[in-house]
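Peer 1: work_36.tsv (TSV, C-alpha atoms) pasted underneath:
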chain	number	residue	atom	x	y	z
A	6	MET	CA	126.41	-36.49	150.96
A	7	GLU	CA	129.37	-34.97	152.78
A	8	SER	CA	127.18	-32.61	154.83
A	9	SER	CA	125.02	-35.46	156.20
A	10	HIS	CA	128.19	-37.21	157.35
A	11	THR	CA	129.26	-33.99	159.07
A	12	GLU	CA	125.79	-33.60	160.62
A	13	ASN	CA	126.02	-37.15	161.94
A	14	GLU	CA	129.44	-36.39	163.39
A	15	VAL	CA	128.02	-33.32	165.14
A	16	GLY	CA	125.10	-35.39	166.40
A	17	GLN	CA	127.50	-38.05	167.70
A	18	GLU	CA	129.68	-35.42	169.37
A	19	ILE	CA	126.59	-34.03	171.15
A	20	ALA	CA	125.46	-37.55	172.09
A	21	ASP	CA	128.89	-38.34	173.54
A	22	ALA	CA	128.90	-35.12	175.58
A	23	LEU	CA	125.39	-35.84	176.86
A	24	GLY	CA	126.52	-39.34	177.85
A	25	VAL	CA	129.17	-37.81	180.10
A	26	LEU	CA	126.72	-35.29	181.59
A	27	LEU	CA	124.05	-37.90	182.26
A	28	ARG	CA	126.40	-40.43	183.88
A	29	ARG	CA	125.54	-40.95	187.51
A	30	THR	CA	129.20	-40.65	188.56
A	31	THR	CA	129.49	-37.23	186.87
A	32	ARG	CA	126.39	-35.96	188.67
A	33	THR	CA	127.49	-37.46	192.00
A	34	ARG	CA	130.89	-35.70	191.83
A	35	LEU	CA	129.20	-32.39	191.03
A	36	HIS	CA	126.66	-32.84	193.84
A	37	GLN	CA	129.47	-33.65	196.30
A	38	LYS	CA	131.28	-30.44	195.36
A	39	LEU	CA	128.12	-28.30	195.53
A	40	THR	CA	126.98	-29.62	198.93
A	41	GLU	CA	130.30	-29.21	200.78
A	42	GLY	CA	129.69	-27.47	204.09
A	43	MET	CA	125.88	-27.45	203.72
A	44	GLY	CA	125.32	-29.62	206.78
A	45	GLU	CA	125.06	-33.32	207.41
A	46	ALA	CA	121.65	-33.76	205.75
A	47	VAL	CA	122.56	-32.04	202.48
A	48	ASP	CA	124.88	-34.22	200.44
A	49	GLU	CA	125.16	-35.90	197.06
A	50	LEU	CA	122.35	-38.32	198.02
A	51	THR	CA	119.79	-35.76	199.18
A	52	TYR	CA	120.68	-33.01	196.68
A	53	PRO	CA	118.54	-34.53	193.88
A	54	VAL	CA	115.52	-34.71	196.20
A	55	LEU	CA	115.88	-31.06	197.24
A	56	SER	CA	116.44	-29.94	193.68
A	57	ALA	CA	113.48	-31.91	192.28
A	58	LEU	CA	111.13	-30.67	195.01
A	59	ALA	CA	112.13	-27.10	194.19
A	60	ARG	CA	111.57	-27.75	190.49
A	61	ILE	CA	108.20	-29.56	190.64
A	62	GLY	CA	106.77	-28.52	193.99
A	63	PRO	CA	105.03	-30.56	196.67
A	64	CYS	CA	104.53	-34.19	195.68
A	65	SER	CA	104.54	-37.70	197.07
A	66	ALA	CA	107.64	-39.87	197.30
A	67	ALA	CA	106.17	-42.07	194.56
A	68	GLU	CA	105.76	-39.05	192.26
A	69	LEU	CA	109.25	-37.80	193.04
A	70	ALA	CA	110.96	-41.17	192.51
A	71	PRO	CA	111.16	-41.11	188.68
A	72	GLU	CA	112.32	-37.48	188.77
A	73	VAL	CA	115.41	-38.42	190.81
A	74	GLY	CA	116.04	-41.93	189.47
A	75	LEU	CA	115.19	-43.76	192.69
A	76	ASP	CA	112.41	-45.98	193.91
A	77	ARG	CA	109.83	-44.70	196.40
A	78	SER	CA	111.66	-46.15	199.41
A	79	GLY	CA	114.92	-44.47	198.36
A	80	VAL	CA	113.16	-41.12	198.13
A	81	THR	CA	111.47	-41.74	201.49
A	82	ARG	CA	114.81	-42.45	203.21
A	83	ARG	CA	116.41	-39.31	201.80
A	84	ALA	CA	113.32	-37.22	202.57
A	85	SER	CA	113.42	-38.46	206.17
A	86	ARG	CA	116.99	-37.19	206.51
A	87	LEU	CA	115.92	-33.85	205.09
A	88	GLN	CA	112.89	-33.76	207.38
A	89	ASP	CA	115.05	-34.48	210.45
A	90	ALA	CA	117.18	-31.48	209.44
A	91	GLY	CA	114.10	-29.26	209.05
A	92	LEU	CA	114.46	-28.84	205.29
A	93	VAL	CA	111.40	-30.87	204.26
A	94	ARG	CA	108.06	-31.50	205.93
A	95	ARG	CA	105.33	-33.99	205.21
A	96	GLU	CA	101.73	-32.86	204.74
A	97	PRO	CA	98.57	-34.85	204.07
A	98	ASP	CA	97.73	-35.01	200.37
A	99	PRO	CA	94.39	-33.18	200.01
A	100	THR	CA	93.44	-35.41	197.05
A	101	ASP	CA	94.39	-38.73	198.70
A	102	GLN	CA	94.16	-39.04	202.47
A	103	ARG	CA	96.39	-42.14	202.42
A	104	ALA	CA	99.28	-40.25	200.84
A	105	GLN	CA	101.63	-37.59	202.14
A	106	LEU	CA	103.24	-34.78	200.20
A	107	LEU	CA	106.87	-33.78	200.59
A	108	VAL	CA	107.15	-30.00	200.90
A	109	LEU	CA	110.22	-27.79	201.18
A	110	THR	CA	110.30	-25.69	204.36
A	111	GLU	CA	111.67	-22.14	204.48
A	112	PRO	CA	115.13	-23.45	205.49
A	113	GLY	CA	114.81	-25.98	202.66
A	114	LEU	CA	114.05	-23.22	200.16
A	115	ARG	CA	117.06	-21.25	201.44
A	116	ALA	CA	119.26	-24.35	201.04
A	117	VAL	CA	118.05	-24.78	197.46
A	118	ASP	CA	118.76	-21.10	196.73
A	119	GLU	CA	122.28	-21.55	198.11
A	120	LEU	CA	122.83	-24.70	196.04
A	121	ARG	CA	121.51	-23.07	192.86
A	122	GLY	CA	123.80	-20.09	193.45
A	123	ARG	CA	126.77	-22.42	193.94
A	124	LEU	CA	125.89	-24.33	190.77
A	125	ALA	CA	125.57	-21.13	188.70
A	126	ALA	CA	128.90	-19.85	190.05
A	127	HIS	CA	130.56	-23.20	189.33
A	128	ILE	CA	129.23	-23.18	185.77
A	129	MET	CA	130.31	-19.58	185.17
A	130	ALA	CA	133.78	-20.27	186.58
A	131	SER	CA	134.16	-23.18	184.16
A	132	LEU	CA	133.16	-20.91	181.25
A	133	SER	CA	135.32	-17.95	182.27
A	134	ALA	CA	137.98	-18.65	179.65
A	135	TRP	CA	135.49	-18.83	176.80
A	136	PRO	CA	135.57	-15.96	174.29
A	137	PRO	CA	133.03	-13.15	174.84
A	138	GLY	CA	129.53	-14.15	173.79
A	139	GLU	CA	130.19	-17.89	173.56
A	140	ALA	CA	128.75	-18.74	176.99
A	141	GLU	CA	125.59	-16.74	176.20
A	142	ALA	CA	125.25	-18.44	172.81
A	143	PHE	CA	125.76	-21.83	174.46
A	144	ALA	CA	123.09	-21.03	177.07
A	145	ARG	CA	120.61	-20.02	174.36
A	146	GLY	CA	121.40	-23.11	172.28
A	147	LEU	CA	121.16	-25.45	175.25
A	148	HIS	CA	117.84	-23.92	176.30
A	149	ARG	CA	116.50	-24.35	172.77
A	150	PHE	CA	117.81	-27.93	172.66
A	151	THR	CA	115.95	-28.80	175.87
A	152	LEU	CA	112.72	-27.34	174.46
A	153	GLU	CA	112.98	-28.71	170.91
A	154	GLY	CA	115.51	-31.55	171.02
A	155	PRO	CA	115.15	-35.28	171.60
A	156	PHE	CA	114.43	-34.87	175.32
A	157	ALA	CA	111.48	-32.49	174.79
Now that the file is in, can you turn its structure into structure tokens?

Peer 2:
Amino acid sequence: MESSHTENEVGQEIADALGVLLRRTTRTRLHQKLTEGMGEAVDELTYPVLSALARIGPCSAAELAPEVGLDRSGVTRRASRLQDAGLVRREPDPTDQRAQLLVLTEPGLRAVDELRGRLAAHIMASLSAWPPGEAEAFARGLHRFTLEGPFA
């Protein structure tokens, strides 16, 4: 009986930590830090659009909306800012002539690479005081959790 109580405590501790990570304010602060100096179009509002396009590839604003937690018009506004900066382009959807796909341009891909590098460096800096092997074990466990856990 004691071990199930302990397991529930571990589960609650993980749930609490995930709550902090998933909070919009936590993500916004991180996105602000990561996008500093990236240019006027790349900020905490457009970062999720860039990141999602890099992750899932060309798609419509309607398809991208649930990925970034916005409605279609919110995605369209942010994509327009990114398009004006040359980071995103719109192309006709070959499967639906009424729709347009959002596509990262070469400068957009370079911006995403820069942002991913900054994020990785930020994460590694925050783990620098961890004992040897712990960050690697955490990375393996987190990867497994995303594949097999409640979000899979």

Peer 1: What are the closest atom pairs, with distances in Å to one decimal, for each residue of region 100-146 of chain A lying within 9 Å of region 47-70 of chain A, using only C-alpha atoms, rows by chain and rising residue number, as a tab-separated table?

Peer 2:
residue	atom	partner	partner_atom	distance
A:Ala104	CA	A:Ser65	CA	7.0
A:Gln105	CA	A:Ser65	CA	5.8
A:Leu106	CA	A:Ser65	CA	4.5
A:Leu107	CA	A:Pro63	CA	5.4
A:Val108	CA	A:Pro63	CA	4.8
A:Leu109	CA	A:Leu58	CA	6.9
A:Gly113	CA	A:Leu55	CA	7.5
A:Leu114	CA	A:Ala59	CA	7.4
A:Ala116	CA	A:Leu55	CA	8.4
A:Val117	CA	A:Ser56	CA	6.6
A:Leu120	CA	A:Ser56	CA	8.6
A:Arg121	CA	A:Ser56	CA	8.6

Peer 1: Given only C-alpha atoms as the basis, pick out the residue of A:Ala130, A:Ala46, A:Leu35, A:Leu26 nearest to Arg86 (chain A).

Peer 2: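 Closest to Arg86 (chain A), using only C-alpha atoms: A:Ala46.
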
Peer 1: Using all atoms listed in the file for the distances, tell me which of A:Val93, A:Gly74, A:Gln17, A:Glu139 is nearest to Arg32 (chain A).

Peer 2: A:Gly74

Peer 1: If I take CA of Asp76 (chain A) and CA of Glu96 (chain A), how far is one from the other in Å, to one decimal?

Peer 2: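 Answer for the CA of Asp76 (chain A) to CA of Glu96 (chain A) separation: 20.1 Å.
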
Peer 1: What gap, in Å, lies between CA of Glu72 (chain A) and CA of Leu27 (chain A)?

Peer 2: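 That distance, rounded to one decimal, is 13.4 Å.
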
Peer 1: So that all listed atoms of region 93-105 of chain A fit with 6 Å spare on each side, what axis-aligned box centre and edge lengths in Å, to one decimal, would you give as lines of an AutoDock Vina configuration file?

Peer 2:
center_x = 102.4
center_y = -36.5
center_z = 201.5
size_x = 30.0
size_y = 23.3
size_z = 20.9

Peer 1: Pop region 28-65 of chain A out of the structure in the block and write N, CA, C and O atoms as a PDB file, in the first residue's frame.

Peer 2:
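Generated output (result08.pdb):
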ATOM      1  N   ARG A  28       2.259  26.036 -18.883  1.00  0.00           N
ATOM      2  CA  ARG A  28       1.626  27.340 -18.679  1.00  0.00           C
ATOM      3  C   ARG A  28       2.040  28.304 -19.774  1.00  0.00           C
ATOM      4  O   ARG A  28       3.208  28.394 -20.139  1.00  0.00           O
ATOM      5  N   ARG A  29       1.093  29.013 -20.301  1.00  0.00           N
ATOM      6  CA  ARG A  29       1.379  29.967 -21.376  1.00  0.00           C
ATOM      7  C   ARG A  29       2.405  31.011 -20.947  1.00  0.00           C
ATOM      8  O   ARG A  29       3.286  31.380 -21.726  1.00  0.00           O
ATOM      9  N   THR A  30       2.339  31.488 -19.706  1.00  0.00           N
ATOM     10  CA  THR A  30       3.286  32.517 -19.261  1.00  0.00           C
ATOM     11  C   THR A  30       4.708  31.979 -19.227  1.00  0.00           C
ATOM     12  O   THR A  30       5.653  32.706 -19.543  1.00  0.00           O
ATOM     13  N   THR A  31       4.889  30.703 -18.862  1.00  0.00           N
ATOM     14  CA  THR A  31       6.222  30.095 -18.846  1.00  0.00           C
ATOM     15  C   THR A  31       6.778  30.049 -20.258  1.00  0.00           C
ATOM     16  O   THR A  31       7.927  30.431 -20.503  1.00  0.00           O
ATOM     17  N   ARG A  32       5.961  29.586 -21.204  1.00  0.00           N
ATOM     18  CA  ARG A  32       6.405  29.506 -22.598  1.00  0.00           C
ATOM     19  C   ARG A  32       6.689  30.892 -23.161  1.00  0.00           C
ATOM     20  O   ARG A  32       7.679  31.090 -23.868  1.00  0.00           O
ATOM     21  N   THR A  33       5.843  31.856 -22.859  1.00  0.00           N
ATOM     22  CA  THR A  33       6.022  33.216 -23.381  1.00  0.00           C
ATOM     23  C   THR A  33       7.344  33.801 -22.905  1.00  0.00           C
ATOM     24  O   THR A  33       8.083  34.393 -23.689  1.00  0.00           O
ATOM     25  N   ARG A  34       7.664  33.637 -21.616  1.00  0.00           N
ATOM     26  CA  ARG A  34       8.946  34.148 -21.088  1.00  0.00           C
ATOM     27  C   ARG A  34      10.122  33.502 -21.797  1.00  0.00           C
ATOM     28  O   ARG A  34      11.088  34.170 -22.157  1.00  0.00           O
ATOM     29  N   LEU A  35      10.054  32.196 -21.998  1.00  0.00           N
ATOM     30  CA  LEU A  35      11.126  31.494 -22.692  1.00  0.00           C
ATOM     31  C   LEU A  35      11.245  31.996 -24.130  1.00  0.00           C
ATOM     32  O   LEU A  35      12.341  32.284 -24.609  1.00  0.00           O
ATOM     33  N   HIS A  36      10.135  32.131 -24.819  1.00  0.00           N
ATOM     34  CA  HIS A  36      10.147  32.599 -26.210  1.00  0.00           C
ATOM     35  C   HIS A  36      10.695  34.021 -26.310  1.00  0.00           C
ATOM     36  O   HIS A  36      11.420  34.337 -27.259  1.00  0.00           O
ATOM     37  N   GLN A  37      10.383  34.872 -25.327  1.00  0.00           N
ATOM     38  CA  GLN A  37      10.933  36.233 -25.323  1.00  0.00           C
ATOM     39  C   GLN A  37      12.449  36.190 -25.230  1.00  0.00           C
ATOM     40  O   GLN A  37      13.154  36.892 -25.957  1.00  0.00           O
ATOM     41  N   LYS A  38      12.962  35.349 -24.332  1.00  0.00           N
ATOM     42  CA  LYS A  38      14.406  35.240 -24.138  1.00  0.00           C
ATOM     43  C   LYS A  38      15.079  34.699 -25.399  1.00  0.00           C
ATOM     44  O   LYS A  38      16.113  35.204 -25.837  1.00  0.00           O
ATOM     45  N   LEU A  39      14.488  33.667 -26.002  1.00  0.00           N
ATOM     46  CA  LEU A  39      15.096  33.026 -27.170  1.00  0.00           C
ATOM     47  C   LEU A  39      15.115  33.920 -28.405  1.00  0.00           C
ATOM     48  O   LEU A  39      16.011  33.807 -29.233  1.00  0.00           O
ATOM     49  N   THR A  40      14.118  34.806 -28.529  1.00  0.00           N
ATOM     50  CA  THR A  40      13.987  35.603 -29.754  1.00  0.00           C
ATOM     51  C   THR A  40      14.661  36.969 -29.674  1.00  0.00           C
ATOM     52  O   THR A  40      14.630  37.713 -30.656  1.00  0.00           O
ATOM     53  N   GLU A  41      15.295  37.280 -28.545  1.00  0.00           N
ATOM     54  CA  GLU A  41      15.975  38.578 -28.411  1.00  0.00           C
ATOM     55  C   GLU A  41      16.978  38.776 -29.539  1.00  0.00           C
ATOM     56  O   GLU A  41      17.797  37.894 -29.820  1.00  0.00           O
ATOM     57  N   GLY A  42      16.878  39.910 -30.216  1.00  0.00           N
ATOM     58  CA  GLY A  42      17.826  40.254 -31.265  1.00  0.00           C
ATOM     59  C   GLY A  42      17.619  39.519 -32.584  1.00  0.00           C
ATOM     60  O   GLY A  42      18.466  39.607 -33.464  1.00  0.00           O
ATOM     61  N   MET A  43      16.508  38.818 -32.738  1.00  0.00           N
ATOM     62  CA  MET A  43      16.260  38.052 -33.967  1.00  0.00           C
ATOM     63  C   MET A  43      15.551  38.879 -35.037  1.00  0.00           C
ATOM     64  O   MET A  43      15.247  38.364 -36.100  1.00  0.00           O
ATOM     65  N   GLY A  44      15.270  40.136 -34.742  1.00  0.00           N
ATOM     66  CA  GLY A  44      14.555  40.962 -35.711  1.00  0.00           C
ATOM     67  C   GLY A  44      13.125  41.197 -35.270  1.00  0.00           C
ATOM     68  O   GLY A  44      12.588  40.457 -34.449  1.00  0.00           O
ATOM     69  N   GLU A  45      12.542  42.213 -35.834  1.00  0.00           N
ATOM     70  CA  GLU A  45      11.213  42.652 -35.405  1.00  0.00           C
ATOM     71  C   GLU A  45      10.138  41.579 -35.588  1.00  0.00           C
ATOM     72  O   GLU A  45       9.218  41.471 -34.784  1.00  0.00           O
ATOM     73  N   ALA A  46      10.233  40.780 -36.639  1.00  0.00           N
ATOM     74  CA  ALA A  46       9.182  39.803 -36.933  1.00  0.00           C
ATOM     75  C   ALA A  46       9.257  38.564 -36.053  1.00  0.00           C
ATOM     76  O   ALA A  46       8.267  37.856 -35.890  1.00  0.00           O
ATOM     77  N   VAL A  47      10.421  38.276 -35.490  1.00  0.00           N
ATOM     78  CA  VAL A  47      10.584  37.062 -34.689  1.00  0.00           C
ATOM     79  C   VAL A  47      10.532  37.442 -33.216  1.00  0.00           C
ATOM     80  O   VAL A  47      11.460  38.031 -32.676  1.00  0.00           O
ATOM     81  N   ASP A  48       9.417  37.086 -32.594  1.00  0.00           N
ATOM     82  CA  ASP A  48       9.225  37.398 -31.177  1.00  0.00           C
ATOM     83  C   ASP A  48       8.420  36.279 -30.532  1.00  0.00           C
ATOM     84  O   ASP A  48       8.189  35.232 -31.145  1.00  0.00           O
ATOM     85  N   GLU A  49       8.011  36.513 -29.295  1.00  0.00           N
ATOM     86  CA  GLU A  49       7.289  35.479 -28.550  1.00  0.00           C
ATOM     87  C   GLU A  49       5.952  35.109 -29.196  1.00  0.00           C
ATOM     88  O   GLU A  49       5.425  34.028 -28.959  1.00  0.00           O
ATOM     89  N   LEU A  50       5.408  35.999 -30.033  1.00  0.00           N
ATOM     90  CA  LEU A  50       4.137  35.703 -30.704  1.00  0.00           C
ATOM     91  C   LEU A  50       4.333  34.865 -31.967  1.00  0.00           C
ATOM     92  O   LEU A  50       3.533  33.982 -32.263  1.00  0.00           O
ATOM     93  N   THR A  51       5.386  35.130 -32.712  1.00  0.00           N
ATOM     94  CA  THR A  51       5.604  34.416 -33.967  1.00  0.00           C
ATOM     95  C   THR A  51       6.459  33.160 -33.793  1.00  0.00           C
ATOM     96  O   THR A  51       6.429  32.280 -34.650  1.00  0.00           O
ATOM     97  N   TYR A  52       7.199  33.079 -32.698  1.00  0.00           N
ATOM     98  CA  TYR A  52       8.044  31.907 -32.448  1.00  0.00           C
ATOM     99  C   TYR A  52       7.268  30.594 -32.584  1.00  0.00           C
ATOM    100  O   TYR A  52       7.736  29.680 -33.267  1.00  0.00           O
ATOM    101  N   PRO A  53       6.087  30.453 -31.948  1.00  0.00           N
ATOM    102  CA  PRO A  53       5.381  29.172 -32.063  1.00  0.00           C
ATOM    103  C   PRO A  53       5.004  28.818 -33.503  1.00  0.00           C
ATOM    104  O   PRO A  53       5.005  27.639 -33.865  1.00  0.00           O
ATOM    105  N   VAL A  54       4.712  29.811 -34.330  1.00  0.00           N
ATOM    106  CA  VAL A  54       4.364  29.555 -35.724  1.00  0.00           C
ATOM    107  C   VAL A  54       5.591  29.041 -36.475  1.00  0.00           C
ATOM    108  O   VAL A  54       5.521  28.044 -37.197  1.00  0.00           O
ATOM    109  N   LEU A  55       6.724  29.704 -36.305  1.00  0.00           N
ATOM    110  CA  LEU A  55       7.967  29.245 -36.933  1.00  0.00           C
ATOM    111  C   LEU A  55       8.309  27.827 -36.490  1.00  0.00           C
ATOM    112  O   LEU A  55       8.625  26.960 -37.309  1.00  0.00           O
ATOM    113  N   SER A  56       8.266  27.602 -35.206  1.00  0.00           N
ATOM    114  CA  SER A  56       8.640  26.312 -34.640  1.00  0.00           C
ATOM    115  C   SER A  56       7.719  25.206 -35.157  1.00  0.00           C
ATOM    116  O   SER A  56       8.188  24.130 -35.547  1.00  0.00           O
ATOM    117  N   ALA A  57       6.414  25.455 -35.164  1.00  0.00           N
ATOM    118  CA  ALA A  57       5.461  24.443 -35.618  1.00  0.00           C
ATOM    119  C   ALA A  57       5.622  24.158 -37.107  1.00  0.00           C
ATOM    120  O   ALA A  57       5.542  23.001 -37.531  1.00  0.00           O
ATOM    121  N   LEU A  58       5.853  25.191 -37.911  1.00  0.00           N
ATOM    122  CA  LEU A  58       6.068  24.964 -39.341  1.00  0.00           C
ATOM    123  C   LEU A  58       7.309  24.115 -39.577  1.00  0.00           C
ATOM    124  O   LEU A  58       7.321  23.248 -40.455  1.00  0.00           O
ATOM    125  N   ALA A  59       8.343  24.348 -38.798  1.00  0.00           N
ATOM    126  CA  ALA A  59       9.559  23.542 -38.925  1.00  0.00           C
ATOM    127  C   ALA A  59       9.295  22.097 -38.521  1.00  0.00           C
ATOM    128  O   ALA A  59       9.837  21.167 -39.118  1.00  0.00           O
ATOM    129  N   ARG A  60       8.455  21.911 -37.527  1.00  0.00           N
ATOM    130  CA  ARG A  60       8.166  20.578 -37.003  1.00  0.00           C
ATOM    131  C   ARG A  60       7.254  19.785 -37.938  1.00  0.00           C
ATOM    132  O   ARG A  60       7.495  18.605 -38.191  1.00  0.00           O
ATOM    133  N   ILE A  61       6.202  20.425 -38.489  1.00  0.00           N
ATOM    134  CA  ILE A  61       5.210  19.659 -39.251  1.00  0.00           C
ATOM    135  C   ILE A  61       5.267  19.907 -40.750  1.00  0.00           C
ATOM    136  O   ILE A  61       4.657  19.183 -41.510  1.00  0.00           O
ATOM    137  N   GLY A  62       5.975  20.942 -41.167  1.00  0.00           N
ATOM    138  CA  GLY A  62       6.102  21.208 -42.594  1.00  0.00           C
ATOM    139  C   GLY A  62       4.983  22.085 -43.120  1.00  0.00           C
ATOM    140  O   GLY A  62       4.137  22.562 -42.363  1.00  0.00           O
ATOM    141  N   PRO A  63       4.984  22.305 -44.432  1.00  0.00           N
ATOM    142  CA  PRO A  63       3.983  23.188 -45.041  1.00  0.00           C
ATOM    143  C   PRO A  63       2.558  22.764 -44.690  1.00  0.00           C
ATOM    144  O   PRO A  63       2.235  21.573 -44.725  1.00  0.00           O
ATOM    145  N   CYS A  64       1.746  23.744 -44.317  1.00  0.00           N
ATOM    146  CA  CYS A  64       0.356  23.465 -43.972  1.00  0.00           C
ATOM    147  C   CYS A  64      -0.434  24.764 -44.019  1.00  0.00           C
ATOM    148  O   CYS A  64       0.140  25.851 -44.081  1.00  0.00           O
ATOM    149  N   SER A  65      -1.734  24.645 -43.952  1.00  0.00           N
ATOM    150  CA  SER A  65      -2.595  25.824 -43.958  1.00  0.00           C
ATOM    151  C   SER A  65      -2.639  26.438 -42.558  1.00  0.00           C
ATOM    152  O   SER A  65      -2.282  25.799 -41.561  1.00  0.00           O
TER     153      SER A  65
END
